[in-house]
Amino acid sequence: MNVRVRSFARIRELIGSDSQALDVPQGATVETVWSAIAERTPTLSSLSSSVRFALNGSIVEPSVKLKDGDEVALLPPSSGG
């Protein structure tokens with residue numbers, strides 16, 4: 001399966017790209033995507049506990065299964081007031 005991975009802010013800086021295609025196996029989850037990206041970019045490990053995920057524009061839990069052509073967004077922690 002092929003999914004599109006979008007990254008923003010600090011995650012984009014660490015990865016060096018705001019968008020990339022990723023091949024994942026059937027039955028893959030959002031967590032599978034994060035694990036694959038984090039394996040390529042070990043400096044992301046510091047964000048593991050605070051990163052959020054969106055699937056096709058909606059916030060989801062890491063355990064959500066993917067379909068071919070999905071878009072997964074990696075959302076860094078944010079602050080505001």
# chains A, B, ... in the order shown; residues from 1 in each chain; ligands from 1

call {"tool": "residues_around", "arguments": {"residues": "range 14-26 of chain A", "least_positions_apart": "3", "cutoff": "7 Å", "atoms": "only C-alpha atoms", "output": "list in words"}}
result
Met1, Asn2, Val3, Arg4, Val5, Arg6, Ser7, Phe8, Arg10, Ile11 and Thr41 of chain A

call {"tool": "residues_around", "arguments": {"residues": "Ser63 in chain A", "least_positions_apart": "5", "cutoff": "12 Å", "atoms": "only C-alpha atoms", "output": "mmCIF file with C-alpha atoms, in the first residue's frame"}}
result
data_model
loop_
_atom_site.group_PDB
_atom_site.id
_atom_site.type_symbol
_atom_site.label_atom_id
_atom_site.label_comp_id
_atom_site.auth_asym_id
_atom_site.auth_seq_id
_atom_site.Cartn_x
_atom_site.Cartn_y
_atom_site.Cartn_z
ATOM 1 C CA GLY A 27 -2.974 -3.928 7.720
ATOM 2 C CA ALA A 28 -0.584 -1.095 8.588
ATOM 3 C CA THR A 29 -1.656 1.500 11.137
ATOM 4 C CA VAL A 30 -0.833 5.136 11.685
ATOM 5 C CA GLU A 31 1.676 3.898 14.289
ATOM 6 C CA THR A 32 3.366 1.848 11.544
ATOM 7 C CA VAL A 33 3.933 5.057 9.609
ATOM 8 C CA TRP A 34 5.332 6.866 12.654
ATOM 9 C CA ARG A 52 -0.530 13.747 17.153
ATOM 10 C CA PHE A 53 -1.811 12.245 13.937
ATOM 11 C CA ALA A 54 -4.404 13.156 11.356
ATOM 12 C CA LEU A 55 -5.741 10.733 8.769
#

call {"tool": "select_by_dssp", "arguments": {"residues": "chain A", "states": "alpha helix (DSSP H)", "output": "list in words"}}
result
Ala9, Arg10, Ile11, Arg12, Glu13, Leu14, Ile15, Val30, Glu31, Thr32, Val33, Trp34, Ser35, Ala36, Ile37, Ala38, Glu39 and Arg40 of chain A

call {"tool": "atom_distance", "arguments": {"atom1": "CA of Ser50 in chain A", "atom2": "CA of Arg12 in chain A"}}
result
15.0 Å

call {"tool": "residues_around", "arguments": {"residues": "Val51 in chain A", "least_positions_apart": "6", "cutoff": "10 Å", "atoms": "only C-alpha atoms", "output": "list in words"}}
result
Ile11, Trp34, Leu44, Ser45, Pro62, Leu74, Leu75, Pro76, Pro77 and Ser78 of chain A

call {"tool": "select_by_dssp", "arguments": {"residues": "chain A", "states": "strand (DSSP E or B)", "output": "list in words"}}
result
Asn2, Val3, Arg4, Val5, Arg6, Ser7, Ser19, Gln20, Ala21, Leu22, Asp23, Thr29, Arg52, Phe53, Ala54, Leu55, Ser58, Ile59, Val60, Lys65, Glu71, Val72, Ala73, Leu74 and Leu75 of chain A

call {"tool": "write_last_selection", "arguments": {"atoms": "N, CA and C atoms", "output": "PDB file, in the first residue's frame"}}
result
ATOM      1  N   ASN A   2       0.392   2.264  -0.576  1.00  0.00           N
ATOM      2  CA  ASN A   2       1.120   3.515  -0.621  1.00  0.00           C
ATOM      3  C   ASN A   2       0.309   4.583   0.098  1.00  0.00           C
ATOM      4  N   VAL A   3       0.953   5.305   1.014  1.00  0.00           N
ATOM      5  CA  VAL A   3       0.308   6.415   1.706  1.00  0.00           C
ATOM      6  C   VAL A   3       1.171   7.663   1.551  1.00  0.00           C
ATOM      7  N   ARG A   4       0.548   8.796   1.674  1.00  0.00           N
ATOM      8  CA  ARG A   4       1.260  10.071   1.629  1.00  0.00           C
ATOM      9  C   ARG A   4       1.427  10.528   3.068  1.00  0.00           C
ATOM     10  N   VAL A   5       2.634  10.939   3.424  1.00  0.00           N
ATOM     11  CA  VAL A   5       2.924  11.408   4.776  1.00  0.00           C
ATOM     12  C   VAL A   5       3.254  12.893   4.703  1.00  0.00           C
ATOM     13  N   ARG A   6       2.502  13.685   5.458  1.00  0.00           N
ATOM     14  CA  ARG A   6       2.745  15.129   5.531  1.00  0.00           C
ATOM     15  C   ARG A   6       3.300  15.447   6.907  1.00  0.00           C
ATOM     16  N   SER A   7       4.242  16.342   6.973  1.00  0.00           N
ATOM     17  CA  SER A   7       4.825  16.724   8.256  1.00  0.00           C
ATOM     18  C   SER A   7       4.867  18.243   8.365  1.00  0.00           C
ATOM     19  N   SER A  19       6.455  16.497   2.668  1.00  0.00           N
ATOM     20  CA  SER A  19       5.577  15.483   2.102  1.00  0.00           C
ATOM     21  C   SER A  19       6.419  14.376   1.470  1.00  0.00           C
ATOM     22  N   GLN A  20       5.979  13.139   1.688  1.00  0.00           N
ATOM     23  CA  GLN A  20       6.675  12.008   1.086  1.00  0.00           C
ATOM     24  C   GLN A  20       5.722  10.835   0.934  1.00  0.00           C
ATOM     25  N   ALA A  21       5.998   9.999  -0.033  1.00  0.00           N
ATOM     26  CA  ALA A  21       5.236   8.763  -0.218  1.00  0.00           C
ATOM     27  C   ALA A  21       5.920   7.670   0.589  1.00  0.00           C
ATOM     28  N   LEU A  22       5.109   6.772   1.137  1.00  0.00           N
ATOM     29  CA  LEU A  22       5.647   5.685   1.942  1.00  0.00           C
ATOM     30  C   LEU A  22       4.888   4.407   1.616  1.00  0.00           C
ATOM     31  N   ASP A  23       5.625   3.346   1.327  1.00  0.00           N
ATOM     32  CA  ASP A  23       5.014   2.038   1.129  1.00  0.00           C
ATOM     33  C   ASP A  23       4.905   1.349   2.475  1.00  0.00           C
ATOM     34  N   THR A  29      -0.945   0.479  10.372  1.00  0.00           N
ATOM     35  CA  THR A  29      -1.656   1.500  11.137  1.00  0.00           C
ATOM     36  C   THR A  29      -0.902   2.828  11.049  1.00  0.00           C
ATOM     37  N   ARG A  52       0.858  14.142  17.438  1.00  0.00           N
ATOM     38  CA  ARG A  52      -0.530  13.747  17.153  1.00  0.00           C
ATOM     39  C   ARG A  52      -0.600  13.410  15.675  1.00  0.00           C
ATOM     40  N   PHE A  53      -1.674  12.723  15.308  1.00  0.00           N
ATOM     41  CA  PHE A  53      -1.811  12.245  13.937  1.00  0.00           C
ATOM     42  C   PHE A  53      -3.165  12.631  13.363  1.00  0.00           C
ATOM     43  N   ALA A  54      -3.156  12.942  12.080  1.00  0.00           N
ATOM     44  CA  ALA A  54      -4.404  13.156  11.356  1.00  0.00           C
ATOM     45  C   ALA A  54      -4.411  12.192  10.171  1.00  0.00           C
ATOM     46  N   LEU A  55      -5.557  11.628   9.908  1.00  0.00           N
ATOM     47  CA  LEU A  55      -5.741  10.733   8.769  1.00  0.00           C
ATOM     48  C   LEU A  55      -6.786  11.351   7.869  1.00  0.00           C
ATOM     49  N   SER A  58      -8.601  14.269   9.604  1.00  0.00           N
ATOM     50  CA  SER A  58      -9.243  14.110  10.914  1.00  0.00           C
ATOM     51  C   SER A  58      -8.247  13.536  11.920  1.00  0.00           C
ATOM     52  N   ILE A  59      -8.235  14.097  13.120  1.00  0.00           N
ATOM     53  CA  ILE A  59      -7.358  13.607  14.178  1.00  0.00           C
ATOM     54  C   ILE A  59      -7.758  12.169  14.526  1.00  0.00           C
ATOM     55  N   VAL A  60      -6.747  11.296  14.627  1.00  0.00           N
ATOM     56  CA  VAL A  60      -7.002   9.878  14.914  1.00  0.00           C
ATOM     57  C   VAL A  60      -6.000   9.347  15.928  1.00  0.00           C
ATOM     58  N   LYS A  65      -6.230   1.752  11.350  1.00  0.00           N
ATOM     59  CA  LYS A  65      -5.675   1.080  10.169  1.00  0.00           C
ATOM     60  C   LYS A  65      -5.777   1.973   8.937  1.00  0.00           C
ATOM     61  N   GLU A  71      -3.788   9.747   3.470  1.00  0.00           N
ATOM     62  CA  GLU A  71      -2.818  10.773   3.810  1.00  0.00           C
ATOM     63  C   GLU A  71      -2.714  10.848   5.327  1.00  0.00           C
ATOM     64  N   VAL A  72      -1.512  10.666   5.839  1.00  0.00           N
ATOM     65  CA  VAL A  72      -1.238  10.728   7.271  1.00  0.00           C
ATOM     66  C   VAL A  72      -0.446  12.001   7.535  1.00  0.00           C
ATOM     67  N   ALA A  73      -0.959  12.819   8.455  1.00  0.00           N
ATOM     68  CA  ALA A  73      -0.246  14.032   8.839  1.00  0.00           C
ATOM     69  C   ALA A  73       0.364  13.832  10.214  1.00  0.00           C
ATOM     70  N   LEU A  74       1.628  14.197  10.343  1.00  0.00           N
ATOM     71  CA  LEU A  74       2.353  14.130  11.612  1.00  0.00           C
ATOM     72  C   LEU A  74       2.340  15.537  12.205  1.00  0.00           C
ATOM     73  N   LEU A  75       1.639  15.682  13.317  1.00  0.00           N
ATOM     74  CA  LEU A  75       1.418  17.002  13.908  1.00  0.00           C
ATOM     75  C   LEU A  75       2.258  17.147  15.177  1.00  0.00           C
TER      76      LEU A  75
END

call {"tool": "atom_distance", "arguments": {"atom1": "CA of Ser48 in chain A", "atom2": "CA of Glu13 in chain A"}}
result
15.4 Å

call {"tool": "decode", "arguments": {"residues": "range 6-26 of chain A", "atoms": "N, CA and C atoms", "output": "PDB file, in the first residue's frame"}}
result
ATOM      1  N   ARG A   6       2.502  13.685   5.458  1.00  0.00           N
ATOM      2  CA  ARG A   6       2.745  15.129   5.531  1.00  0.00           C
ATOM      3  C   ARG A   6       3.300  15.447   6.907  1.00  0.00           C
ATOM      4  N   SER A   7       4.242  16.342   6.973  1.00  0.00           N
ATOM      5  CA  SER A   7       4.825  16.724   8.256  1.00  0.00           C
ATOM      6  C   SER A   7       4.867  18.243   8.365  1.00  0.00           C
ATOM      7  N   PHE A   8       4.817  18.715   9.603  1.00  0.00           N
ATOM      8  CA  PHE A   8       4.704  20.143   9.846  1.00  0.00           C
ATOM      9  C   PHE A   8       5.675  20.592  10.935  1.00  0.00           C
ATOM     10  N   ALA A   9       6.014  21.861  10.897  1.00  0.00           N
ATOM     11  CA  ALA A   9       6.815  22.542  11.909  1.00  0.00           C
ATOM     12  C   ALA A   9       8.096  21.768  12.245  1.00  0.00           C
ATOM     13  N   ARG A  10       8.309  21.476  13.516  1.00  0.00           N
ATOM     14  CA  ARG A  10       9.556  20.835  13.968  1.00  0.00           C
ATOM     15  C   ARG A  10       9.777  19.475  13.317  1.00  0.00           C
ATOM     16  N   ILE A  11       8.688  18.722  13.125  1.00  0.00           N
ATOM     17  CA  ILE A  11       8.814  17.405  12.486  1.00  0.00           C
ATOM     18  C   ILE A  11       9.318  17.577  11.055  1.00  0.00           C
ATOM     19  N   ARG A  12       8.778  18.523  10.339  1.00  0.00           N
ATOM     20  CA  ARG A  12       9.227  18.802   8.961  1.00  0.00           C
ATOM     21  C   ARG A  12      10.700  19.170   8.949  1.00  0.00           C
ATOM     22  N   GLU A  13      11.117  19.999   9.904  1.00  0.00           N
ATOM     23  CA  GLU A  13      12.528  20.400   9.976  1.00  0.00           C
ATOM     24  C   GLU A  13      13.436  19.200  10.195  1.00  0.00           C
ATOM     25  N   LEU A  14      13.051  18.319  11.093  1.00  0.00           N
ATOM     26  CA  LEU A  14      13.884  17.155  11.395  1.00  0.00           C
ATOM     27  C   LEU A  14      13.922  16.161  10.239  1.00  0.00           C
ATOM     28  N   ILE A  15      12.788  15.972   9.566  1.00  0.00           N
ATOM     29  CA  ILE A  15      12.723  15.033   8.439  1.00  0.00           C
ATOM     30  C   ILE A  15      13.382  15.630   7.199  1.00  0.00           C
ATOM     31  N   GLY A  16      13.244  16.941   7.033  1.00  0.00           N
ATOM     32  CA  GLY A  16      13.803  17.603   5.866  1.00  0.00           C
ATOM     33  C   GLY A  16      12.859  17.621   4.679  1.00  0.00           C
ATOM     34  N   SER A  17      11.589  17.350   4.933  1.00  0.00           N
ATOM     35  CA  SER A  17      10.601  17.325   3.850  1.00  0.00           C
ATOM     36  C   SER A  17       9.209  17.521   4.441  1.00  0.00           C
ATOM     37  N   ASP A  18       8.339  18.169   3.685  1.00  0.00           N
ATOM     38  CA  ASP A  18       6.973  18.339   4.181  1.00  0.00           C
ATOM     39  C   ASP A  18       6.014  17.280   3.649  1.00  0.00           C
ATOM     40  N   SER A  19       6.455  16.497   2.668  1.00  0.00           N
ATOM     41  CA  SER A  19       5.577  15.483   2.102  1.00  0.00           C
ATOM     42  C   SER A  19       6.419  14.376   1.470  1.00  0.00           C
ATOM     43  N   GLN A  20       5.979  13.139   1.688  1.00  0.00           N
ATOM     44  CA  GLN A  20       6.675  12.008   1.086  1.00  0.00           C
ATOM     45  C   GLN A  20       5.722  10.835   0.934  1.00  0.00           C
ATOM     46  N   ALA A  21       5.998   9.999  -0.033  1.00  0.00           N
ATOM     47  CA  ALA A  21       5.236   8.763  -0.218  1.00  0.00           C
ATOM     48  C   ALA A  21       5.920   7.670   0.589  1.00  0.00           C
ATOM     49  N   LEU A  22       5.109   6.772   1.137  1.00  0.00           N
ATOM     50  CA  LEU A  22       5.647   5.685   1.942  1.00  0.00           C
ATOM     51  C   LEU A  22       4.888   4.407   1.616  1.00  0.00           C
ATOM     52  N   ASP A  23       5.625   3.346   1.327  1.00  0.00           N
ATOM     53  CA  ASP A  23       5.014   2.038   1.129  1.00  0.00           C
ATOM     54  C   ASP A  23       4.905   1.349   2.475  1.00  0.00           C
ATOM     55  N   VAL A  24       3.707   0.870   2.791  1.00  0.00           N
ATOM     56  CA  VAL A  24       3.465   0.157   4.048  1.00  0.00           C
ATOM     57  C   VAL A  24       2.735  -1.143   3.728  1.00  0.00           C
ATOM     58  N   PRO A  25       2.847  -2.148   4.582  1.00  0.00           N
ATOM     59  CA  PRO A  25       2.182  -3.423   4.321  1.00  0.00           C
ATOM     60  C   PRO A  25       0.670  -3.339   4.559  1.00  0.00           C
ATOM     61  N   GLN A  26      -0.061  -4.253   3.979  1.00  0.00           N
ATOM     62  CA  GLN A  26      -1.498  -4.357   4.257  1.00  0.00           C
ATOM     63  C   GLN A  26      -1.684  -4.484   5.764  1.00  0.00           C
TER      64      GLN A  26
END
